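coords.txt (compact mmCIF, C-alpha atoms) appears below.
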```
# COMPACT_ATOMS: atom_id res chain seq x y z
CA MET A 1309 147.58 191.75 85.59
CA ASP A 1310 150.58 192.00 83.34
CA LYS A 1311 151.39 189.61 80.55
CA LYS A 1312 154.32 188.04 82.37
CA THR A 1313 152.21 187.02 85.32
CA THR A 1314 149.61 185.48 83.03
CA ASP A 1315 152.22 183.55 81.13
CA GLU A 1316 153.60 182.16 84.35
CA LYS A 1317 150.19 180.85 85.48
CA VAL A 1318 149.27 179.19 82.24
CA PRO A 1319 151.71 176.34 82.53
CA ARG A 1320 150.70 175.83 86.13
CA ILE A 1321 147.08 175.51 85.09
CA ARG A 1322 147.99 173.07 82.40
CA LYS A 1323 150.00 170.97 84.85
CA SER A 1324 147.11 170.87 87.35
CA SER A 1325 144.68 169.85 84.63
CA LEU A 1326 147.01 167.06 83.65
CA LYS A 1327 147.08 165.86 87.26
CA VAL A 1328 143.26 165.81 87.38
CA LYS A 1329 143.11 163.67 84.25
CA GLU A 1330 145.69 161.30 85.67
CA ASN A 1331 143.63 160.99 88.89
CA GLU A 1332 140.50 160.27 86.86
CA LYS A 1333 142.32 157.48 85.06
CA ASN A 1334 143.39 155.99 88.41
CA VAL A 1335 139.88 156.27 89.93
CA LYS A 1336 138.21 154.44 87.07
CA PRO A 1337 140.19 151.19 87.52
CA ASN A 1338 139.64 151.37 91.28
CA ARG A 1339 135.89 151.58 90.79
CA GLU A 1340 135.96 148.67 88.38
CA ASN A 1341 137.94 146.60 90.88
CA LYS A 1342 135.48 147.39 93.66
CA THR A 1343 132.55 146.49 91.40
CA ARG A 1344 134.14 143.18 90.51
CA GLU A 1345 134.82 142.45 94.17
CA ARG A 1346 131.23 143.28 95.10
CA ILE A 1347 129.85 141.03 92.36
CA ALA A 1348 132.18 138.20 93.38
CA LYS A 1349 131.09 138.56 97.01
CA GLU A 1350 127.42 138.52 96.03
CA LYS A 1351 127.98 135.35 93.98
CA LYS A 1352 129.79 133.74 96.88
CA ASP A 1353 126.98 134.63 99.31
CA ALA A 1354 124.38 133.36 96.85
CA LYS A 1355 126.30 130.08 96.51
CA LYS A 1356 126.44 129.63 100.27
CA THR A 1357 122.71 130.32 100.53
CA GLU A 1358 121.98 127.80 97.79
CA GLU A 1359 124.16 125.14 99.45
CA LYS A 1360 122.40 125.73 102.77
CA ARG A 1361 119.00 125.45 101.11
CA ASN A 1362 119.98 122.24 99.34
CA ALA A 1363 121.24 120.76 102.61
CA GLU A 1364 117.96 121.59 104.33
CA GLU A 1365 115.92 120.14 101.48
CA LYS A 1366 118.02 117.00 101.53
CA GLU A 1367 117.47 116.59 105.27
CA LYS A 1368 113.77 117.35 105.05
CA GLY A 1369 113.18 115.37 101.88
CA LYS A 1370 110.15 113.15 101.44
CA ILE A 1371 110.22 110.24 103.86
CA SER A 1372 109.02 107.76 101.31
CA LYS A 1373 111.96 108.42 98.98
CA ALA A 1374 114.56 108.36 101.73
CA VAL A 1375 113.31 105.36 103.67
CA ARG A 1376 111.91 103.04 101.03
CA GLY A 1377 114.13 103.92 98.14
CA THR A 1378 116.08 100.67 98.51
CA ASN A 1379 113.36 98.36 99.85
CA PRO A 1380 112.65 95.68 97.20
CA LYS A 1381 109.53 93.61 96.85
CA ILE A 1382 109.57 90.94 99.53
CA THR A 1383 110.24 87.42 98.35
CA PRO A 1384 110.20 84.92 101.23
CA ASN A 1385 111.94 82.22 99.21
CA ASN A 1386 114.69 84.57 98.12
CA GLN A 1387 115.39 86.99 100.93
CA LYS A 1388 116.98 90.20 99.67
CA LYS A 1389 118.44 93.24 101.32
CA SER A 1390 115.59 95.49 102.42
CA THR A 1391 117.22 98.00 104.70
CA SER A 1392 117.73 101.51 103.43
CA SER A 1393 121.25 102.89 103.35
CA ILE A 1394 119.92 106.35 104.19
CA LEU A 1395 117.24 106.89 106.81
CA PRO A 1396 115.76 110.33 107.53
CA LYS A 1397 116.38 111.85 110.92
CA LYS A 1398 113.19 113.85 111.04
CA MET A 1399 109.61 113.17 110.10
CA SER A 1400 108.47 115.62 107.42
CA ASN A 1401 105.03 114.18 106.59
CA LEU A 1402 103.56 114.70 110.04
CA GLY A 1403 100.88 116.94 108.55
CA TRP A 1404 99.52 114.06 106.47
CA VAL A 1405 99.24 111.93 109.60
CA ASN A 1406 97.53 114.63 111.67
CA ARG A 1407 95.00 115.43 108.93
CA SER A 1408 93.89 111.80 108.61
CA CYS A 1409 90.45 110.81 109.88
CA VAL A 1410 88.35 107.65 109.52
CA ASN A 1411 84.59 107.49 109.02
CA ASP A 1412 83.61 104.55 111.25
CA GLN A 1413 80.13 104.08 109.75
CA ALA A 1414 81.48 104.03 106.20
CA VAL A 1415 83.95 101.33 107.24
CA LYS A 1416 81.15 99.18 108.68
CA ASN A 1417 79.05 99.62 105.55
CA ARG A 1418 81.92 98.60 103.30
CA VAL A 1419 82.63 95.46 105.32
CA GLN A 1420 78.96 94.47 105.26
CA ASP A 1421 78.93 94.93 101.49
CA LEU A 1422 81.99 92.69 101.11
CA LEU A 1423 80.51 89.94 103.25
CA SER A 1424 77.14 89.98 101.49
CA SER A 1425 78.10 90.46 97.86
CA ARG A 1426 81.60 89.01 97.47
CA LEU A 1427 81.46 85.25 97.93
CA ILE A 1428 83.88 82.55 96.74
CA HIS A 1429 82.11 79.79 94.85
CA ALA A 1430 82.27 76.36 96.45
CA ASP A 1431 84.16 74.74 93.55
CA GLN A 1432 86.89 77.38 93.82
CA GLN A 1433 87.41 77.25 97.58
CA VAL A 1434 89.94 74.40 97.35
CA GLU A 1435 92.33 76.53 95.28
CA TRP A 1436 91.87 79.51 97.59
CA LEU A 1437 92.49 77.44 100.72
CA ALA A 1438 95.59 75.84 99.22
CA ARG A 1439 96.91 79.28 98.35
CA SER A 1440 96.19 80.54 101.85
CA ILE A 1441 98.57 77.91 103.29
CA GLN A 1442 101.45 79.66 101.49
CA CYS A 1443 100.54 82.87 103.33
CA ILE A 1444 100.53 81.45 106.86
CA ASP A 1445 103.27 82.35 109.34
CA LEU A 1446 103.07 79.14 111.35
CA THR A 1447 103.58 80.30 114.91
CA THR A 1448 104.45 79.01 118.34
CA LEU A 1449 104.75 81.58 121.12
CA ALA A 1450 104.24 79.48 124.22
CA GLY A 1451 106.09 79.54 127.50
CA ASP A 1452 106.98 75.86 127.18
CA ASP A 1453 108.57 76.14 123.72
CA CYS A 1454 111.64 73.92 123.42
CA PRO A 1455 113.82 72.53 120.61
CA SER A 1456 111.54 69.51 120.09
CA ASN A 1457 108.41 71.67 119.82
CA VAL A 1458 110.11 73.95 117.33
CA ALA A 1459 111.40 71.00 115.28
CA ARG A 1460 107.88 69.62 115.05
CA LEU A 1461 106.58 73.03 113.97
CA CYS A 1462 109.23 73.21 111.24
CA SER A 1463 108.22 69.80 109.97
CA LYS A 1464 104.60 70.92 109.79
CA ALA A 1465 105.61 74.09 107.94
CA ALA A 1466 107.62 72.13 105.38
CA HIS A 1467 104.89 69.48 104.93
CA PRO A 1468 101.57 71.15 105.88
CA LEU A 1469 99.42 68.40 104.32
CA SER A 1470 99.62 64.64 104.61
CA ASP A 1471 101.04 62.71 101.66
CA ASN A 1472 97.66 61.11 100.90
CA LEU A 1473 95.92 64.48 100.83
CA THR A 1474 98.69 66.03 98.74
CA ASN A 1475 98.36 63.26 96.17
CA ALA A 1476 94.56 63.53 96.16
CA LEU A 1477 94.79 67.26 95.44
CA GLN A 1478 97.46 66.63 92.78
CA ILE A 1479 99.97 68.90 94.48
CA LYS A 1480 103.62 68.18 93.83
CA HIS A 1481 105.35 66.91 96.96
CA GLY A 1482 107.46 69.59 98.65
CA LEU A 1483 105.99 72.42 96.57
CA LEU A 1484 103.43 73.62 99.11
CA THR A 1485 104.88 75.12 102.31
CA THR A 1486 103.86 77.82 104.75
CA GLY A 1487 105.09 81.39 104.36
CA ALA A 1488 107.34 81.33 107.43
CA VAL A 1489 107.93 79.88 110.89
CA CYS A 1490 107.51 82.39 113.72
CA VAL A 1491 109.10 81.88 117.16
CA TYR A 1492 110.61 83.77 120.08
CA PRO A 1493 114.19 85.11 119.67
CA ALA A 1494 115.55 82.37 121.96
CA ARG A 1495 114.17 79.70 119.59
CA VAL A 1496 115.37 81.22 116.30
CA ALA A 1497 118.53 79.09 116.18
CA ASP A 1498 116.46 75.93 116.81
CA ALA A 1499 114.07 76.84 114.00
CA CYS A 1500 116.91 77.52 111.56
CA LEU A 1501 118.49 74.18 112.44
CA GLY A 1502 115.18 72.33 112.05
CA LEU A 1503 114.49 73.81 108.62
CA GLU A 1504 118.06 73.15 107.52
CA ARG A 1505 117.72 69.48 108.39
CA LEU A 1506 114.51 69.34 106.34
CA ARG A 1507 116.20 71.24 103.50
CA ALA A 1508 113.21 73.57 103.48
CA ASN A 1509 113.64 77.04 102.02
CA ILE A 1510 111.35 78.74 104.55
CA PRO A 1511 112.29 81.99 106.32
CA VAL A 1512 112.35 82.13 110.11
CA ALA A 1513 110.45 85.02 111.66
CA SER A 1514 110.96 86.20 115.21
CA VAL A 1515 108.94 88.44 117.48
CA ALA A 1516 111.04 91.02 119.31
CA THR A 1517 111.12 94.39 121.10
CA GLY A 1518 109.58 93.15 124.34
CA PHE A 1519 106.76 91.22 122.66
CA PRO A 1520 103.83 91.45 123.34
CA THR A 1521 103.78 94.61 125.48
CA GLY A 1522 106.94 96.39 124.38
CA GLN A 1523 107.42 97.65 127.93
CA THR A 1524 111.20 97.74 127.92
CA SER A 1525 113.71 100.45 127.14
CA LEU A 1526 114.51 101.23 123.51
CA LYS A 1527 118.09 100.01 124.02
CA ILE A 1528 116.90 96.58 125.18
CA ARG A 1529 114.37 96.35 122.36
CA LEU A 1530 117.04 97.10 119.77
CA GLU A 1531 119.41 94.56 121.32
CA GLU A 1532 116.68 91.92 121.11
CA ILE A 1533 116.26 92.61 117.40
CA GLU A 1534 120.01 92.32 116.85
CA PHE A 1535 120.09 89.05 118.81
CA ALA A 1536 117.33 87.52 116.65
CA VAL A 1537 118.99 88.68 113.42
CA ALA A 1538 122.36 87.34 114.53
CA ASN A 1539 120.77 83.92 115.14
CA GLY A 1540 119.34 83.75 111.62
CA ALA A 1541 115.93 85.46 111.66
CA LYS A 1542 115.01 86.80 108.21
CA GLU A 1543 111.86 88.55 109.40
CA ILE A 1544 111.35 90.52 112.61
CA ASP A 1545 107.90 91.18 114.07
CA ILE A 1546 108.32 94.26 116.26
CA VAL A 1547 105.68 95.89 118.48
CA ILE A 1548 105.15 99.64 118.47
CA ASN A 1549 105.12 101.82 121.59
CA ARG A 1550 101.38 102.19 122.27
CA GLU A 1551 101.95 105.02 124.74
CA LEU A 1552 103.37 107.20 121.97
CA ALA A 1553 100.47 106.37 119.66
CA LEU A 1554 97.80 107.08 122.28
CA SER A 1555 99.43 110.40 123.18
CA GLN A 1556 99.59 111.32 119.47
CA ASN A 1557 103.37 111.62 119.67
CA TRP A 1558 103.82 110.42 116.11
CA GLY A 1559 107.21 112.00 115.60
CA GLU A 1560 108.79 110.11 118.50
CA LEU A 1561 107.09 106.87 117.44
CA TYR A 1562 108.51 107.35 113.97
CA ASN A 1563 112.02 107.89 115.35
CA GLU A 1564 111.82 104.66 117.38
CA LEU A 1565 110.65 102.67 114.36
CA VAL A 1566 113.48 104.08 112.24
CA GLU A 1567 115.99 102.84 114.83
CA MET A 1568 114.33 99.41 114.78
CA ARG A 1569 114.48 99.38 111.00
CA LYS A 1570 118.23 100.01 111.18
CA ALA A 1571 118.65 97.23 113.75
CA CYS A 1572 116.87 94.75 111.46
CA GLY A 1573 119.60 95.15 108.87
CA GLU A 1574 118.84 92.94 105.87
CA SER A 1575 115.89 91.25 107.60
CA HIS A 1576 112.37 92.39 106.85
CA MET A 1577 110.48 94.30 109.52
CA LYS A 1578 106.81 93.73 110.34
CA SER A 1579 105.35 96.39 112.63
CA ILE A 1580 102.68 95.12 115.04
CA LEU A 1581 100.24 97.93 115.84
CA ALA A 1582 98.39 96.13 118.66
CA VAL A 1583 95.14 97.56 117.28
CA GLY A 1584 93.06 96.43 120.26
CA GLU A 1585 94.91 98.97 122.42
CA LEU A 1586 94.73 101.98 120.07
CA CYS A 1587 91.15 102.92 121.03
CA ASN A 1588 89.76 103.93 117.62
CA LEU A 1589 90.07 103.43 113.87
CA THR A 1590 91.62 106.85 113.29
CA ASN A 1591 94.55 106.02 115.57
CA ILE A 1592 94.97 102.71 113.73
CA TYR A 1593 95.10 104.52 110.38
CA LYS A 1594 97.64 107.06 111.64
CA ALA A 1595 99.82 104.40 113.24
CA SER A 1596 99.77 102.48 109.95
CA LEU A 1597 101.02 105.53 108.05
CA VAL A 1598 103.81 106.22 110.54
CA ALA A 1599 104.96 102.58 110.47
CA MET A 1600 105.14 102.57 106.68
CA MET A 1601 106.95 105.92 106.58
CA ALA A 1602 109.57 104.53 108.96
CA GLY A 1603 110.39 101.68 106.57
CA SER A 1604 108.20 98.75 107.62
CA ASP A 1605 107.97 95.96 105.05
CA PHE A 1606 104.68 94.78 106.58
CA ILE A 1607 102.14 96.25 108.96
CA LYS A 1608 100.52 93.73 111.28
CA THR A 1609 97.29 94.01 113.26
CA SER A 1610 97.97 92.37 116.60
CA THR A 1611 100.16 90.28 118.84
CA GLY A 1612 97.29 87.86 119.39
CA LYS A 1613 97.42 88.63 123.11
CA GLU A 1614 95.02 91.61 123.13
CA THR A 1615 91.29 91.46 123.81
CA VAL A 1616 90.55 92.70 120.28
CA ASN A 1617 92.75 91.31 117.50
CA ALA A 1618 92.27 91.07 113.75
CA THR A 1619 88.79 92.09 112.65
CA LEU A 1620 87.62 92.94 109.14
CA PRO A 1621 86.82 96.63 109.90
CA ILE A 1622 90.33 97.09 111.32
CA GLY A 1623 91.79 95.23 108.35
CA LEU A 1624 89.89 97.47 105.94
CA VAL A 1625 91.28 100.62 107.59
CA MET A 1626 94.85 99.29 107.40
CA CYS A 1627 94.37 98.24 103.77
CA ARG A 1628 93.18 101.76 102.91
CA ALA A 1629 96.30 103.16 104.59
CA ILE A 1630 98.47 100.81 102.50
CA ARG A 1631 96.65 101.88 99.35
CA ALA A 1632 97.04 105.58 100.16
CA TYR A 1633 100.74 105.13 100.88
CA ASN A 1634 101.22 103.24 97.61
CA ARG A 1635 99.51 106.02 95.63
CA LYS A 1636 101.63 108.67 97.29
CA THR A 1637 105.01 106.92 97.11
CA GLY A 1638 104.72 104.07 94.59
CA PHE A 1639 105.84 101.44 97.13
CA LYS A 1640 103.82 98.42 98.20
CA VAL A 1641 103.83 97.49 101.88
CA GLY A 1642 102.64 94.05 102.97
CA PHE A 1643 99.78 93.29 105.36
CA LYS A 1644 99.55 90.66 108.08
CA PRO A 1645 96.40 90.05 110.14
CA ALA A 1646 97.02 88.02 113.28
CA GLY A 1647 94.92 86.86 116.22
CA GLY A 1648 91.44 85.35 116.02
CA ILE A 1649 91.79 83.80 112.54
CA ARG A 1650 91.03 80.15 113.23
CA THR A 1651 88.73 78.77 110.54
CA SER A 1652 88.69 78.33 106.77
CA LYS A 1653 85.74 80.71 106.60
CA ASP A 1654 87.79 83.39 108.35
CA VAL A 1655 90.72 83.09 105.97
CA LEU A 1656 88.49 83.20 102.88
CA GLN A 1657 86.93 86.44 104.14
CA TRP A 1658 90.36 87.98 104.66
CA MET A 1659 91.52 86.92 101.20
CA THR A 1660 88.37 88.43 99.71
CA LEU A 1661 89.17 91.69 101.48
CA MET A 1662 92.71 91.64 100.08
CA LYS A 1663 91.58 91.04 96.51
CA GLU A 1664 88.86 93.70 96.60
CA GLU A 1665 90.90 96.41 98.32
CA LEU A 1666 94.48 95.80 97.18
CA GLY A 1667 94.37 93.48 94.18
CA ASP A 1668 95.67 90.05 93.24
CA ASP A 1669 99.25 90.85 94.30
CA TYR A 1670 98.02 90.71 97.88
CA LEU A 1671 97.00 87.07 97.57
CA THR A 1672 100.64 85.95 97.61
CA PRO A 1673 103.12 85.53 100.49
CA ASP A 1674 105.16 88.41 99.07
CA LEU A 1675 102.61 90.91 100.39
CA PHE A 1676 100.11 88.97 102.49
CA ARG A 1677 100.74 86.87 105.59
CA ILE A 1678 98.45 85.41 108.23
CA GLY A 1679 99.64 84.95 111.79
CA ALA A 1680 98.08 81.76 113.07
CA SER A 1681 98.72 78.48 114.84
CA ALA A 1682 95.41 76.54 114.80
CA LEU A 1683 94.24 77.74 111.37
CA LEU A 1684 96.26 75.22 109.37
CA ASN A 1685 94.53 72.24 110.98
CA ASP A 1686 91.09 73.56 110.04
CA ILE A 1687 92.19 74.22 106.46
CA GLU A 1688 93.55 70.69 106.21
CA ARG A 1689 90.29 69.22 107.51
CA ASN A 1690 88.29 71.13 104.90
CA LEU A 1691 90.64 70.12 102.09
CA GLY A 1692 90.39 66.53 103.29
CA ASN A 1693 86.60 66.74 103.18
CA HIS A 1694 86.75 67.91 99.58
CA ALA A 1695 89.18 65.14 98.56
CA THR A 1696 87.69 62.20 100.46
CA GLY A 1697 84.17 63.25 101.33
CA GLY A 1698 84.83 63.17 105.07
CA TYR A 1699 86.66 65.25 107.64
CA LEU A 1700 90.06 63.98 108.71
CA MET A 1701 90.64 63.03 112.33
CA ALA A 1702 93.44 64.67 114.33
CA GLU A 1703 95.67 61.60 114.17
CA GLU A 1704 95.38 61.53 110.36
CA MET A 1705 96.98 64.96 110.00
CA PRO A 1706 100.69 65.85 110.34
CA MET A 1707 101.56 66.90 113.87
CA ALA A 1708 101.90 70.62 114.62
```

Do you think you could lay out the structure here as structure tokens?
Amino acid sequence: MDKKTTDEKVPRIRKSSLKVKENEKNVKPNRENKTRERIAKEKKDAKKTEEKRNAEEKEKGKISKAVRGTNPKITPNNQKKSTSSILPKKMSNLGWVNRSCVNDQAVKNRVQDLLSSRLIHADQQVEWLARSIQCIDLTTLAGDDCPSNVARLCSKAAHPLSDNLTNALQIKHGLLTTGAVCVYPARVADACLGLERLRANIPVASVATGFPTGQTSLKIRLEEIEFAVANGAKEIDIVINRELALSQNWGELYNELVEMRKACGESHMKSILAVGELCNLTNIYKASLVAMMAGSDFIKTSTGKETVNATLPIGLVMCRAIRAYNRKTGFKVGFKPAGGIRTSKDVLQWMTLMKEELGDDYLTPDLFRIGASALLNDIERNLGNHATGGYLMAEEMPMA
């Protein structure tokens, strides 16, 4: 190859090499741009994944925090808003319910121990019986209830003891009243009017949701709650769907109770478990947990219409459920035994159970109520015997 040819190719080679360098410079920025785009896309995908996870966690959050986060301690003389602004749509603690089991023999042994070793001394029974009056939901649930009957019940609730007996016990007039007056939804307005005339600061409670059987559609049950609340009821005693409990359909039962809790609005909700129809203590324990998870302010044993109502073994199981729920969530749920509590001896046994299992806070109307109608008369007779040395006759006691 001659020198001329070589000289001609040299500049060509130099030009091509320059082009390669220019291409390399262009490729490098392109790669950097693609890398930045890939990193930005990965960050965006990661953000979407995190948002999705947070949404799922928020929806499936602990029931106790979502439902009871805004439920205050219940004060019957100063009713406060108890409904939660946010209620969960799904039940996430179903595993806790399904794992629960009750040892029947251990329950019987514990009750026997309470009855044999925990006795209230005779000179202290007067104070305990007087305190029990404050925990009574004085009730009338008869077919012949009318405005006059309800007015008389309100008068008894506002003045549970005669003036002579009140003076003998050195109780300030008007200070001692029952915890509430409990009537059917149709009589709520009458009860509110009667208490207003007496200037008594006593809440009106109403049974609802197809009491006592609950054998109506959910829509009708919710409408009944709303009707009672609209007429002035500050406490609603609802009955659970026993079919769902017996079939172990706890999730559906929970959903129904959440809807009832919403319908109650600012009024407190007491969930009646109808324990005599739940077959065994394990079902009673599970139903108690579900009712509390759904936002109940109280759990209640019975309607008073079942064959088996409030018994101490059943009460012990429900108290243990309340205690377990309190330890897990930090919230205190009230307890209300109803049905079969007729004598002073009965009420003292129940108060002993409350003190031993749940503490002194459960000896106040904030967390302990007794559903009864005839109990108050027996308490008054026993208090009269202590004050005067003889039992009062029926005509010597305020009418009920």

(request) Tell me, as JSON, numbers by chain, which residues lie within 12 Å of Lys1464 of chain A, counting all atoms listed in the file; anything in the same chain fewer than 2 positions away does not count. (result) {"A": [1441, 1444, 1445, 1446, 1447, 1448, 1457, 1458, 1459, 1460, 1461, 1462, 1466, 1467, 1468, 1469, 1470, 1482, 1484, 1485, 1486, 1487, 1488, 1489, 1499, 1502, 1503, 1506, 1508, 1510, 1681, 1682, 1684, 1685, 1688, 1705, 1706, 1707, 1708]}

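Restricting the calculation to all atoms listed in the file, the smallest distance between Ala1450 of chain A and any of A:Asp1471, A:Leu1552, A:Gly1612, A:Ala1497 is found for A:Gly1612.
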
(message) Give me the residues near segment 1649-1661 of chain A as an MDAnalysis selection string, where near means some atom within 6 Å (using all atoms listed in the file) and where sequence neighbours in that chain fewer than 3 positions away do not count.
(response) chainID A and resid 1664:1665 1682:1683 1686:1687

Taking a cut-off of 10 Å and counting all atoms listed in the file, can you build a table that, for each residue of segment 1592-1678 of chain A near segment 1559-1575 of chain A, reports the nearest atom pair and how far apart they are in Å (one decimal), sorted by chain then residue number, as a Markdown table?
```
| residue | atom | partner | partner_atom | distance |
| --- | --- | --- | --- | --- |
| A:Ala1595 | CA | A:Leu1561 | CA | 8.8 |
| A:Leu1597 | CA | A:Tyr1562 | CA | 9.7 |
| A:Val1598 | CA | A:Tyr1562 | CA | 5.9 |
| A:Ala1599 | CA | A:Leu1565 | CA | 6.9 |
| A:Met1600 | CA | A:Tyr1562 | CA | 9.3 |
| A:Met1601 | CA | A:Tyr1562 | CA | 7.7 |
| A:Ala1602 | CA | A:Val1566 | CA | 5.1 |
| A:Gly1603 | CA | A:Arg1569 | CA | 6.5 |
| A:Ser1604 | CA | A:Arg1569 | CA | 7.2 |
| A:Asp1605 | CA | A:Arg1569 | CA | 9.5 |
```

(request) Rank nothing, just name the residue among A:Asn1472, A:Val1405, A:Asp1353, A:Ala1629 nearest to Asn1557 of chain A, using only C-alpha atoms. (result) A:Val1405

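Using only C-alpha atoms, the nearest neighbour of Tyr1492 of chain A within the list A:Met1577, A:Leu1620, A:Leu1427, A:Ile1544 is A:Ile1544.
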
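Among the candidates A:Cys1454, A:Ala1438, A:Val1515, A:Ala1494, the residue lying nearest to Thr1474 of chain A is A:Ala1438 (atoms considered: all atoms listed in the file).
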
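Minimum distance to Trp1436 of chain A across A:Gly1540, A:Ala1680, A:Lys1663, A:Phe1643 (counting only C-alpha atoms) occurs at A:Lys1663.
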
(request) Give me, please, the distance in Å between atom CA of Cys1409 of chain A and atom CA of Ser1555 of chain A, quoted to one decimal. (result) 16.1 Å

(request) Tell me which of A:Glu1435, A:Asp1412, A:Glu1504, A:Asp1669 sits closest to Ser1463 of chain A, counting all atoms listed in the file. (result) A:Glu1504

(request) Work out how far apart atom CA of Glu1551 of chain A and atom CA of Arg1635 of chain A are and give it in Å to one decimal. (result) 29.2 Å

(message) Give me, as a PyMOL selection string, all polymer residues having an atom no more than 8 Å from Val1616 of chain A, counting all atoms listed in the file and skipping those fewer than 3 positions away in the same chain.
(response) chain A and resi 1583-1585+1619

(message) For a test of reading the model, state the distance in Å between atom CA of Ser1440 of chain A and atom CA of Asp1498 of chain A, rounded to one decimal.
(response) 25.6 Å

Because the input lacks atoms here, generate N, CA and C atoms for segment 1655-1667 of chain A and report them as a CSV table (one decimal), keeping the file's coordinate frame.
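Done, and the output landed in part.csv:
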```csv
chain,number,residue,atom,x,y,z
A,1655,VAL,N,89.6,82.8,106.9
A,1655,VAL,CA,90.7,83.1,106.0
A,1655,VAL,C,90.2,83.5,104.6
A,1656,LEU,N,89.1,82.8,104.2
A,1656,LEU,CA,88.5,83.2,102.9
A,1656,LEU,C,87.9,84.6,102.9
A,1657,GLN,N,87.4,85.1,104.0
A,1657,GLN,CA,86.9,86.4,104.1
A,1657,GLN,C,88.1,87.4,104.1
A,1658,TRP,N,89.2,87.1,104.7
A,1658,TRP,CA,90.4,88.0,104.7
A,1658,TRP,C,91.0,88.0,103.3
A,1659,MET,N,91.0,86.9,102.6
A,1659,MET,CA,91.5,86.9,101.2
A,1659,MET,C,90.6,87.7,100.2
A,1660,THR,N,89.3,87.6,100.5
A,1660,THR,CA,88.4,88.4,99.7
A,1660,THR,C,88.6,89.9,99.9
A,1661,LEU,N,88.9,90.3,101.2
A,1661,LEU,CA,89.2,91.7,101.5
A,1661,LEU,C,90.4,92.1,100.8
A,1662,MET,N,91.5,91.3,100.8
A,1662,MET,CA,92.7,91.6,100.1
A,1662,MET,C,92.5,91.9,98.6
A,1663,LYS,N,91.8,90.9,98.0
A,1663,LYS,CA,91.6,91.0,96.5
A,1663,LYS,C,90.8,92.3,96.1
A,1664,GLU,N,89.7,92.6,96.9
A,1664,GLU,CA,88.9,93.7,96.6
A,1664,GLU,C,89.5,95.0,96.9
A,1665,GLU,N,90.3,95.1,97.9
A,1665,GLU,CA,90.9,96.4,98.3
A,1665,GLU,C,92.3,96.7,97.7
A,1666,LEU,N,93.1,95.6,97.6
A,1666,LEU,CA,94.5,95.8,97.2
A,1666,LEU,C,94.9,95.1,95.9
A,1667,GLY,N,94.1,94.2,95.4
A,1667,GLY,CA,94.4,93.5,94.2
A,1667,GLY,C,95.0,92.1,94.4
```
